file work-v9.pdb (PDB, C-alpha atoms, pLDDT in the B column)
MODEL        1
ATOM      1  CA  MET A   1       0.000   0.000   0.000  1.00 51.00           C
ATOM      2  CA  ASN A   2       1.260   3.471  -0.891  1.00 51.00           C
ATOM      3  CA  SER A   3       1.122   4.828   2.645  1.00 53.00           C
ATOM      4  CA  HIS A   4       3.135   8.034   2.275  1.00 50.00           C
ATOM      5  CA  LYS A   5       0.118   9.942   0.935  1.00 70.00           C
ATOM      6  CA  LEU A   6      -2.473   8.599   3.352  1.00 86.00           C
ATOM      7  CA  LYS A   7      -3.569  10.785   6.247  1.00 91.00           C
ATOM      8  CA  ILE A   8      -4.507   9.302   9.576  1.00 94.00           C
ATOM      9  CA  ALA A   9      -6.220  11.441  12.215  1.00 94.00           C
ATOM     10  CA  VAL A  10      -5.696  10.378  15.821  1.00 94.00           C
ATOM     11  CA  ALA A  11      -8.004  11.710  18.554  1.00 92.00           C
ATOM     12  CA  GLU A  12      -6.476  10.875  21.920  1.00 90.00           C
ATOM     13  CA  ASP A  13      -6.138  12.873  25.144  1.00 87.00           C
ATOM     14  CA  ASP A  14      -3.188  10.876  26.547  1.00 88.00           C
ATOM     15  CA  PRO A  15       0.057  12.473  25.235  1.00 91.00           C
ATOM     16  CA  SER A  16       2.082   9.258  25.682  1.00 90.00           C
ATOM     17  CA  ILE A  17      -0.343   7.274  23.511  1.00 88.00           C
ATOM     18  CA  VAL A  18      -0.383  10.080  20.931  1.00 90.00           C
ATOM     19  CA  LYS A  19       3.415   9.897  20.748  1.00 91.00           C
ATOM     20  CA  ILE A  20       3.404   6.121  20.319  1.00 89.00           C
ATOM     21  CA  LEU A  21       0.736   6.271  17.608  1.00 90.00           C
ATOM     22  CA  ARG A  22       2.403   9.159  15.793  1.00 92.00           C
ATOM     23  CA  ASP A  23       5.845   7.541  15.900  1.00 92.00           C
ATOM     24  CA  ARG A  24       4.663   4.080  14.793  1.00 91.00           C
ATOM     25  CA  LEU A  25       2.426   5.310  12.007  1.00 92.00           C
ATOM     26  CA  ALA A  26       4.850   7.946  10.741  1.00 92.00           C
ATOM     27  CA  ALA A  27       7.570   5.276  10.616  1.00 92.00           C
ATOM     28  CA  GLN A  28       5.313   3.392   8.186  1.00 90.00           C
ATOM     29  CA  GLY A  29       5.058   6.473   5.967  1.00 91.00           C
ATOM     30  CA  PHE A  30       1.645   7.765   7.019  1.00 92.00           C
ATOM     31  CA  GLN A  31       0.926  11.433   7.547  1.00 94.00           C
ATOM     32  CA  VAL A  32      -0.340  11.553  11.128  1.00 94.00           C
ATOM     33  CA  LEU A  33      -2.610  14.351  12.326  1.00 95.00           C
ATOM     34  CA  THR A  34      -3.343  14.525  16.039  1.00 94.00           C
ATOM     35  CA  ALA A  35      -6.132  16.029  18.108  1.00 93.00           C
ATOM     36  CA  ARG A  36      -6.436  16.227  21.902  1.00 91.00           C
ATOM     37  CA  ASP A  37     -10.228  16.098  21.897  1.00 90.00           C
ATOM     38  CA  GLY A  38     -13.293  15.510  19.764  1.00 90.00           C
ATOM     39  CA  PRO A  39     -13.918  19.080  18.549  1.00 91.00           C
ATOM     40  CA  GLU A  40     -10.290  19.416  17.426  1.00 92.00           C
ATOM     41  CA  CYS A  41     -10.561  16.087  15.594  1.00 92.00           C
ATOM     42  CA  LEU A  42     -13.737  17.213  13.817  1.00 93.00           C
ATOM     43  CA  GLU A  43     -11.802  20.223  12.533  1.00 93.00           C
ATOM     44  CA  LEU A  44      -9.118  17.869  11.182  1.00 93.00           C
ATOM     45  CA  VAL A  45     -11.749  15.692   9.515  1.00 93.00           C
ATOM     46  CA  HIS A  46     -13.379  18.739   7.963  1.00 92.00           C
ATOM     47  CA  HIS A  47     -10.190  20.441   6.716  1.00 94.00           C
ATOM     48  CA  GLU A  48      -7.683  17.624   6.175  1.00 93.00           C
ATOM     49  CA  ASN A  49      -9.892  14.823   4.799  1.00 91.00           C
ATOM     50  CA  PRO A  50      -8.076  11.888   6.466  1.00 93.00           C
ATOM     51  CA  SER A  51      -8.469   8.351   5.121  1.00 90.00           C
ATOM     52  CA  LEU A  52      -8.490   6.795   8.586  1.00 92.00           C
ATOM     53  CA  LEU A  53      -9.517   7.929  12.053  1.00 93.00           C
ATOM     54  CA  ILE A  54      -8.244   6.376  15.262  1.00 93.00           C
ATOM     55  CA  LEU A  55     -10.507   7.568  18.066  1.00 92.00           C
ATOM     56  CA  ASP A  56     -10.243   7.173  21.814  1.00 90.00           C
ATOM     57  CA  LEU A  57     -13.563   6.161  23.312  1.00 86.00           C
ATOM     58  CA  GLN A  58     -13.275   8.405  26.388  1.00 85.00           C
ATOM     59  CA  MET A  59     -12.131  11.979  25.851  1.00 84.00           C
ATOM     60  CA  PRO A  60     -13.092  15.300  27.398  1.00 79.00           C
ATOM     61  CA  GLY A  61     -15.652  17.473  25.647  1.00 79.00           C
ATOM     62  CA  LEU A  62     -16.962  14.943  23.164  1.00 84.00           C
ATOM     63  CA  SER A  63     -16.982  11.189  23.654  1.00 84.00           C
ATOM     64  CA  GLY A  64     -15.467   8.878  21.091  1.00 86.00           C
ATOM     65  CA  MET A  65     -18.942   7.583  20.185  1.00 88.00           C
ATOM     66  CA  GLU A  66     -20.262  11.107  19.592  1.00 90.00           C
ATOM     67  CA  LEU A  67     -17.135  11.915  17.620  1.00 90.00           C
ATOM     68  CA  LEU A  68     -17.576   8.749  15.551  1.00 90.00           C
ATOM     69  CA  GLY A  69     -21.131   9.711  14.626  1.00 90.00           C
ATOM     70  CA  ARG A  70     -20.225  13.281  13.678  1.00 91.00           C
ATOM     71  CA  ALA A  71     -17.080  12.275  11.798  1.00 91.00           C
ATOM     72  CA  ARG A  72     -19.064   9.735   9.740  1.00 89.00           C
ATOM     73  CA  GLN A  73     -21.442  12.552   8.764  1.00 90.00           C
ATOM     74  CA  LEU A  74     -18.532  14.703   7.584  1.00 91.00           C
ATOM     75  CA  ARG A  75     -16.577  11.925   5.909  1.00 90.00           C
ATOM     76  CA  PRO A  76     -18.702   8.776   5.414  1.00 89.00           C
ATOM     77  CA  ASP A  77     -16.005   6.992   3.423  1.00 86.00           C
ATOM     78  CA  ALA A  78     -13.254   7.324   6.057  1.00 88.00           C
ATOM     79  CA  GLN A  79     -12.408   4.189   7.988  1.00 90.00           C
ATOM     80  CA  VAL A  80     -12.639   4.413  11.785  1.00 92.00           C
ATOM     81  CA  ILE A  81     -10.851   2.432  14.476  1.00 92.00           C
ATOM     82  CA  MET A  82     -11.928   2.910  18.087  1.00 90.00           C
ATOM     83  CA  ALA A  83      -9.325   2.447  20.817  1.00 88.00           C
ATOM     84  CA  THR A  84      -9.963   2.332  24.549  1.00 82.00           C
ATOM     85  CA  ALA A  85      -8.731   1.024  27.851  1.00 81.00           C
ATOM     86  CA  TYR A  86     -12.333   0.744  29.067  1.00 76.00           C
ATOM     87  CA  SER A  87     -13.912  -1.509  26.496  1.00 70.00           C
ATOM     88  CA  THR A  88     -17.083  -3.496  26.845  1.00 76.00           C
ATOM     89  CA  VAL A  89     -18.849  -5.705  24.353  1.00 80.00           C
ATOM     90  CA  GLU A  90     -21.716  -3.194  24.318  1.00 83.00           C
ATOM     91  CA  ASP A  91     -19.320  -0.360  23.392  1.00 80.00           C
ATOM     92  CA  ALA A  92     -17.780  -2.433  20.615  1.00 80.00           C
ATOM     93  CA  VAL A  93     -21.195  -3.319  19.181  1.00 82.00           C
ATOM     94  CA  ALA A  94     -22.360   0.309  19.392  1.00 83.00           C
ATOM     95  CA  ALA A  95     -19.180   1.511  17.649  1.00 84.00           C
ATOM     96  CA  MET A  96     -19.610  -1.020  14.848  1.00 83.00           C
ATOM     97  CA  ARG A  97     -23.244   0.023  14.384  1.00 86.00           C
ATOM     98  CA  LEU A  98     -22.099   3.640  14.041  1.00 84.00           C
ATOM     99  CA  GLY A  99     -19.641   2.614  11.328  1.00 83.00           C
ATOM    100  CA  ALA A 100     -16.385   1.764  13.087  1.00 87.00           C
ATOM    101  CA  LEU A 101     -14.395  -0.934  11.332  1.00 86.00           C
ATOM    102  CA  ASP A 102     -12.601  -2.175  14.440  1.00 87.00           C
ATOM    103  CA  PHE A 103     -12.414  -1.702  18.190  1.00 85.00           C
ATOM    104  CA  ILE A 104      -8.996  -2.270  19.768  1.00 87.00           C
ATOM    105  CA  PRO A 105      -8.314  -2.418  23.503  1.00 84.00           C
ATOM    106  CA  LYS A 106      -5.449  -0.499  25.123  1.00 83.00           C
ATOM    107  CA  PRO A 107      -2.720  -1.321  25.637  1.00 84.00           C
ATOM    108  CA  PHE A 108      -2.172  -2.655  22.131  1.00 84.00           C
ATOM    109  CA  THR A 109       1.013  -3.876  20.533  1.00 86.00           C
ATOM    110  CA  PRO A 110       2.497  -1.928  17.627  1.00 82.00           C
ATOM    111  CA  GLU A 111       2.091  -5.028  15.449  1.00 88.00           C
ATOM    112  CA  HIS A 112      -1.616  -5.295  16.274  1.00 89.00           C
ATOM    113  CA  LEU A 113      -2.139  -1.598  15.612  1.00 88.00           C
ATOM    114  CA  LEU A 114      -0.374  -1.753  12.240  1.00 90.00           C
ATOM    115  CA  ALA A 115      -2.298  -4.877  11.213  1.00 92.00           C
ATOM    116  CA  VAL A 116      -5.625  -3.179  12.018  1.00 91.00           C
ATOM    117  CA  VAL A 117      -4.575   0.013  10.190  1.00 90.00           C
ATOM    118  CA  GLU A 118      -3.467  -1.967   7.132  1.00 89.00           C
ATOM    119  CA  ARG A 119      -6.746  -3.891   7.083  1.00 90.00           C
ATOM    120  CA  ALA A 120      -8.777  -0.673   7.373  1.00 87.00           C
ATOM    121  CA  LEU A 121      -6.920   1.026   4.558  1.00 84.00           C
ATOM    122  CA  THR A 122      -7.086  -2.057   2.342  1.00 86.00           C
ATOM    123  CA  GLU A 123     -10.846  -2.195   2.865  1.00 86.00           C
ATOM    124  CA  GLN A 124     -11.106   1.483   1.981  1.00 79.00           C
ATOM    125  CA  VAL A 125      -9.168   0.970  -1.263  1.00 82.00           C
ATOM    126  CA  LEU A 126     -11.459  -1.945  -2.151  1.00 86.00           C
ATOM    127  CA  ARG A 127     -14.565   0.166  -1.478  1.00 83.00           C
ATOM    128  CA  GLU A 128     -13.242   2.983  -3.670  1.00 83.00           C
ATOM    129  CA  GLU A 129     -12.427   0.526  -6.471  1.00 87.00           C
ATOM    130  CA  ASN A 130     -15.912  -0.966  -6.130  1.00 87.00           C
ATOM    131  CA  ARG A 131     -17.527   2.494  -6.420  1.00 85.00           C
ATOM    132  CA  SER A 132     -15.383   3.309  -9.440  1.00 84.00           C
ATOM    133  CA  LEU A 133     -16.193   0.028 -11.181  1.00 87.00           C
ATOM    134  CA  ARG A 134     -19.927   0.427 -10.498  1.00 84.00           C
ATOM    135  CA  SER A 135     -19.793   3.919 -11.959  1.00 81.00           C
ATOM    136  CA  GLN A 136     -17.949   2.696 -15.062  1.00 82.00           C
ATOM    137  CA  LEU A 137     -20.395  -0.163 -15.467  1.00 79.00           C
ATOM    138  CA  SER A 138     -23.347   2.174 -15.098  1.00 74.00           C
ATOM    139  CA  ARG A 139     -21.956   4.486 -17.780  1.00 74.00           C
ATOM    140  CA  SER A 140     -21.169   1.548 -20.104  1.00 74.00           C
ATOM    141  CA  PHE A 141     -24.699   0.197 -19.984  1.00 70.00           C
ATOM    142  CA  SER A 142     -26.611   3.474 -20.033  1.00 71.00           C
ATOM    143  CA  LEU A 143     -29.220   4.238 -22.656  1.00 70.00           C
ATOM    144  CA  ASP A 144     -26.864   6.847 -24.084  1.00 72.00           C
ATOM    145  CA  ASN A 145     -24.721   4.018 -25.464  1.00 71.00           C
ATOM    146  CA  ILE A 146     -27.542   2.524 -27.550  1.00 75.00           C
ATOM    147  CA  ILE A 147     -27.680   3.741 -31.107  1.00 75.00           C
ATOM    148  CA  GLY A 148     -31.090   4.531 -32.526  1.00 75.00           C
ATOM    149  CA  CYS A 149     -32.962   7.629 -33.572  1.00 77.00           C
ATOM    150  CA  SER A 150     -36.153   6.375 -35.206  1.00 80.00           C
ATOM    151  CA  PRO A 151     -39.496   7.221 -33.605  1.00 83.00           C
ATOM    152  CA  ALA A 152     -39.918   3.547 -32.681  1.00 78.00           C
ATOM    153  CA  MET A 153     -36.564   3.465 -30.858  1.00 79.00           C
ATOM    154  CA  SER A 154     -37.325   6.779 -29.139  1.00 80.00           C
ATOM    155  CA  GLY A 155     -40.487   5.161 -27.806  1.00 82.00           C
ATOM    156  CA  VAL A 156     -38.515   2.156 -26.548  1.00 80.00           C
ATOM    157  CA  PHE A 157     -35.977   4.438 -24.827  1.00 80.00           C
ATOM    158  CA  GLU A 158     -38.757   6.402 -23.145  1.00 83.00           C
ATOM    159  CA  ALA A 159     -40.447   3.202 -21.919  1.00 81.00           C
ATOM    160  CA  VAL A 160     -37.134   1.919 -20.547  1.00 80.00           C
ATOM    161  CA  ARG A 161     -36.496   5.228 -18.730  1.00 80.00           C
ATOM    162  CA  ARG A 162     -39.955   5.086 -17.120  1.00 83.00           C
ATOM    163  CA  VAL A 163     -39.416   1.602 -15.644  1.00 83.00           C
ATOM    164  CA  SER A 164     -35.656   1.745 -15.071  1.00 76.00           C
ATOM    165  CA  ASP A 165     -35.853   2.642 -11.368  1.00 76.00           C
ATOM    166  CA  SER A 166     -38.715   0.274 -10.558  1.00 80.00           C
ATOM    167  CA  GLY A 167     -36.588  -2.847 -10.155  1.00 76.00           C
ATOM    168  CA  ILE A 168     -38.892  -4.947 -12.328  1.00 81.00           C
ATOM    169  CA  ASN A 169     -37.623  -7.051 -15.214  1.00 82.00           C
ATOM    170  CA  VAL A 170     -38.553  -5.932 -18.704  1.00 75.00           C
ATOM    171  CA  LEU A 171     -38.165  -7.796 -21.992  1.00 81.00           C
ATOM    172  CA  VAL A 172     -38.043  -5.680 -25.125  1.00 77.00           C
ATOM    173  CA  THR A 173     -38.786  -7.639 -28.287  1.00 80.00           C
ATOM    174  CA  GLY A 174     -38.937  -6.810 -31.939  1.00 76.00           C
ATOM    175  CA  ALA A 175     -37.614  -7.758 -35.324  1.00 76.00           C
ATOM    176  CA  SER A 176     -33.857  -8.013 -35.601  1.00 75.00           C
ATOM    177  CA  GLY A 177     -31.814  -6.189 -38.170  1.00 70.00           C
ATOM    178  CA  PRO A 178     -31.131  -2.589 -39.112  1.00 67.00           C
ATOM    179  CA  GLY A 179     -34.809  -1.704 -39.484  1.00 61.00           C
ATOM    180  CA  THR A 180     -36.175   0.912 -41.792  1.00 58.00           C
ATOM    181  CA  ALA A 181     -36.485   4.577 -41.113  1.00 50.00           C
TER     182      ALA A 181
ENDMDL
END
call {"tool": "encode", "arguments": {"input": "work-v9.pdb", "output": "structure tokens"}}
result
Amino acid sequence: MNSHKLKIAVAEDDPSIVKILRDRLAAQGFQVLTARDGPECLELVHHENPSLLILDLQMPGLSGMELLGRARQLRPDAQVIMATAYSTVEDAVAAMRLGALDFIPKPFTPEHLLAVVERALTEQVLREENRSLRSQLSRSFSLDNIIGCSPAMSGVFEAVRRVSDSGINVLVTGASGPGTA
């Protein structure tokens, strides 16, 4: 993965954990942005557009869960990892429902952290590729790519447009060949 261009925002109120995260992630070539609390992290999300967020569950001012919800509104495609020393199964489930990819307990090993970060960024790349391929496929099979300008074909195109969003199957039949105009 080409990590030197990827931004990771870390929201953590413990300076020693911030240093560990910044050092480990920067050593892997990531651009690491740090915030001491939720509001500061929201500013980073808004202005810096990070690919990944690592959020502490318990911070002053704005909890990690509140921050997760607001950050997902600002940047729905960013991956989110929650980290906490006070984890419960309920917190993990709630974080996943709000869109977190993973929930890691503190203290964590550098290897575990890097494996979770790599997985999150790989999943993000796959999602972006999926969106791109769907868009290309949609353009390739649009009505604009069908050649025909006769009144009969215009009628077929109009009928297809009317039912295209309905989700029902439609079979268009007619004589084959170039037709007559």
call {"tool": "residues_around", "arguments": {"input": "work-v9.pdb", "residues": "segment 121-124 of chain A", "least_positions_apart": "2", "cutoff": "9 Å", "atoms": "only C-alpha atoms", "output": "VMD selection string"}}
result
chain A and resid 1 6 51 to 52 77 to 79 116 to 119 126 to 129
call {"tool": "residues_around", "arguments": {"input": "work-v9.pdb", "residues": "segment 164-166 of chain A", "least_positions_apart": "5", "cutoff": "12 Å", "atoms": "only C-alpha atoms", "output": "ChimeraX atom specification"}}
result
/A:142-143,156-159
call {"tool": "residues_around", "arguments": {"input": "work-v9.pdb", "residues": "Ala120 of chain A", "least_positions_apart": "5", "cutoff": "9 Å", "atoms": "only C-alpha atoms", "output": "mmCIF file with C-alpha atoms, in the coordinates of the input"}}
result
data_model
loop_
_atom_site.group_PDB
_atom_site.id
_atom_site.type_symbol
_atom_site.label_atom_id
_atom_site.label_comp_id
_atom_site.auth_asym_id
_atom_site.auth_seq_id
_atom_site.Cartn_x
_atom_site.Cartn_y
_atom_site.Cartn_z
ATOM 1 C CA LEU A 52 -8.490 6.795 8.586
ATOM 2 C CA GLN A 79 -12.408 4.189 7.988
ATOM 3 C CA VAL A 80 -12.639 4.413 11.785
ATOM 4 C CA ILE A 81 -10.851 2.432 14.476
ATOM 5 C CA LEU A 101 -14.395 -0.934 11.332
ATOM 6 C CA ASP A 102 -12.601 -2.175 14.440
ATOM 7 C CA ALA A 115 -2.298 -4.877 11.213
ATOM 8 C CA VAL A 125 -9.168 0.970 -1.263
#
call {"tool": "resolve_selection", "arguments": {"input": "work-v9.pdb", "expression": "the PyMOL selection byres ((chain A and resi 62-76) around 7)", "output": "short mmCIF file (atom, residue, chain, number, x, y, z; two decimals) with C-alpha atoms, in the coordinates of the input"}}
result
data_model
loop_
_atom_site.label_atom_id
_atom_site.label_comp_id
_atom_site.auth_asym_id
_atom_site.auth_seq_id
_atom_site.Cartn_x
_atom_site.Cartn_y
_atom_site.Cartn_z
CA ASP A 37 -10.23 16.10 21.90
CA GLY A 38 -13.29 15.51 19.76
CA PRO A 39 -13.92 19.08 18.55
CA LEU A 42 -13.74 17.21 13.82
CA VAL A 45 -11.75 15.69 9.52
CA HIS A 46 -13.38 18.74 7.96
CA LEU A 55 -10.51 7.57 18.07
CA ASP A 56 -10.24 7.17 21.81
CA LEU A 57 -13.56 6.16 23.31
CA GLN A 58 -13.28 8.40 26.39
CA MET A 59 -12.13 11.98 25.85
CA PRO A 60 -13.09 15.30 27.40
CA GLY A 61 -15.65 17.47 25.65
CA ASP A 77 -16.00 6.99 3.42
CA ALA A 78 -13.25 7.32 6.06
CA ALA A 95 -19.18 1.51 17.65
CA LEU A 98 -22.10 3.64 14.04
#
call {"tool": "resolve_selection", "arguments": {"input": "work-v9.pdb", "expression": "the PyMOL selection byres ((chain A and resi 12-25) around 10)", "output": "MDAnalysis selection string"}}
result
chainID A and resid 3 7:11 26:38 41 54:60 64 83:84 106:107 110:111 113:114 117
call {"tool": "atom_distance", "arguments": {"input": "work-v9.pdb", "atom1": "atom CA of Tyr86 of chain A", "atom2": "atom CA of Pro105 of chain A"}}
result
7.6 Å
call {"tool": "atom_distance", "arguments": {"input": "work-v9.pdb", "atom1": "atom CA of Cys149 of chain A", "atom2": "atom CA of Arg134 of chain A"}}
result
27.5 Å
call {"tool": "atom_distance", "arguments": {"input": "work-v9.pdb", "atom1": "atom CA of Ser135 of chain A", "atom2": "atom CA of Val172 of chain A"}}
result
24.5 Å
call {"tool": "decode", "arguments": {"input": "work-v9.pdb", "residues": "segment 124-146 of chain A", "atoms": "N, CA, C and O atoms", "output": "short mmCIF file (atom, residue, chain, number, x, y, z; two decimals), in the first residue's frame"}}
result
data_model
loop_
_atom_site.label_atom_id
_atom_site.label_comp_id
_atom_site.auth_asym_id
_atom_site.auth_seq_id
_atom_site.Cartn_x
_atom_site.Cartn_y
_atom_site.Cartn_z
N GLN A 124 -10.72 0.22 2.59
CA GLN A 124 -11.11 1.48 1.98
C GLN A 124 -10.75 1.51 0.49
O GLN A 124 -11.54 1.95 -0.33
N VAL A 125 -9.57 1.02 0.14
CA VAL A 125 -9.17 0.97 -1.26
C VAL A 125 -10.14 0.09 -2.05
O VAL A 125 -10.56 0.44 -3.15
N LEU A 126 -10.52 -1.05 -1.48
CA LEU A 126 -11.46 -1.95 -2.15
C LEU A 126 -12.82 -1.28 -2.34
O LEU A 126 -13.46 -1.44 -3.39
N ARG A 127 -13.28 -0.54 -1.34
CA ARG A 127 -14.57 0.17 -1.48
C ARG A 127 -14.50 1.21 -2.58
O ARG A 127 -15.44 1.37 -3.36
N GLU A 128 -13.39 1.96 -2.64
CA GLU A 128 -13.24 2.98 -3.67
C GLU A 128 -13.19 2.35 -5.05
O GLU A 128 -13.79 2.86 -6.00
N GLU A 129 -12.47 1.24 -5.19
CA GLU A 129 -12.43 0.53 -6.47
C GLU A 129 -13.81 0.03 -6.85
O GLU A 129 -14.21 0.12 -8.02
N ASN A 130 -14.56 -0.48 -5.89
CA ASN A 130 -15.91 -0.97 -6.13
C ASN A 130 -16.80 0.17 -6.64
O ASN A 130 -17.54 0.01 -7.62
N ARG A 131 -16.74 1.34 -5.98
CA ARG A 131 -17.53 2.49 -6.42
C ARG A 131 -17.15 2.90 -7.84
O ARG A 131 -18.01 3.19 -8.68
N SER A 132 -15.86 2.92 -8.12
CA SER A 132 -15.38 3.31 -9.44
C SER A 132 -15.86 2.33 -10.51
O SER A 132 -16.34 2.73 -11.57
N LEU A 133 -15.75 1.04 -10.22
CA LEU A 133 -16.19 0.03 -11.18
C LEU A 133 -17.70 0.09 -11.41
O LEU A 133 -18.17 -0.06 -12.54
N ARG A 134 -18.47 0.31 -10.35
CA ARG A 134 -19.93 0.43 -10.50
C ARG A 134 -20.28 1.64 -11.37
O ARG A 134 -21.17 1.57 -12.21
N SER A 135 -19.55 2.72 -11.17
CA SER A 135 -19.79 3.92 -11.96
C SER A 135 -19.46 3.67 -13.43
O SER A 135 -20.23 4.05 -14.32
N GLN A 136 -18.33 3.02 -13.69
CA GLN A 136 -17.95 2.70 -15.06
C GLN A 136 -18.97 1.77 -15.70
O GLN A 136 -19.34 1.95 -16.86
N LEU A 137 -19.41 0.79 -14.96
CA LEU A 137 -20.39 -0.16 -15.47
C LEU A 137 -21.72 0.55 -15.78
O LEU A 137 -22.34 0.31 -16.82
N SER A 138 -22.12 1.43 -14.90
CA SER A 138 -23.35 2.17 -15.10
C SER A 138 -23.27 3.03 -16.36
O SER A 138 -24.21 3.07 -17.15
N ARG A 139 -22.13 3.68 -16.57
CA ARG A 139 -21.96 4.49 -17.78
C ARG A 139 -21.92 3.61 -19.03
O ARG A 139 -22.46 3.97 -20.07
N SER A 140 -21.29 2.43 -18.94
CA SER A 140 -21.17 1.55 -20.10
C SER A 140 -22.51 1.02 -20.57
O SER A 140 -22.72 0.80 -21.76
N PHE A 141 -23.42 0.78 -19.64
CA PHE A 141 -24.70 0.20 -19.98
C PHE A 141 -25.85 1.20 -19.92
O PHE A 141 -27.00 0.81 -19.78
N SER A 142 -25.54 2.48 -20.05
CA SER A 142 -26.61 3.47 -20.03
C SER A 142 -27.30 3.53 -21.39
O SER A 142 -26.76 3.08 -22.40
N LEU A 143 -28.47 4.10 -21.41
CA LEU A 143 -29.22 4.24 -22.66
C LEU A 143 -28.48 5.11 -23.67
O LEU A 143 -28.70 4.98 -24.87
N ASP A 144 -27.61 5.97 -23.18
CA ASP A 144 -26.86 6.85 -24.08
C ASP A 144 -25.92 6.07 -25.00
O ASP A 144 -25.47 6.60 -26.02
N ASN A 145 -25.63 4.83 -24.65
CA ASN A 145 -24.72 4.02 -25.46
C ASN A 145 -25.46 3.16 -26.49
O ASN A 145 -24.84 2.40 -27.21
N ILE A 146 -26.76 3.27 -26.56
CA ILE A 146 -27.54 2.52 -27.55
C ILE A 146 -27.80 3.44 -28.74
O ILE A 146 -28.23 4.58 -28.58
#
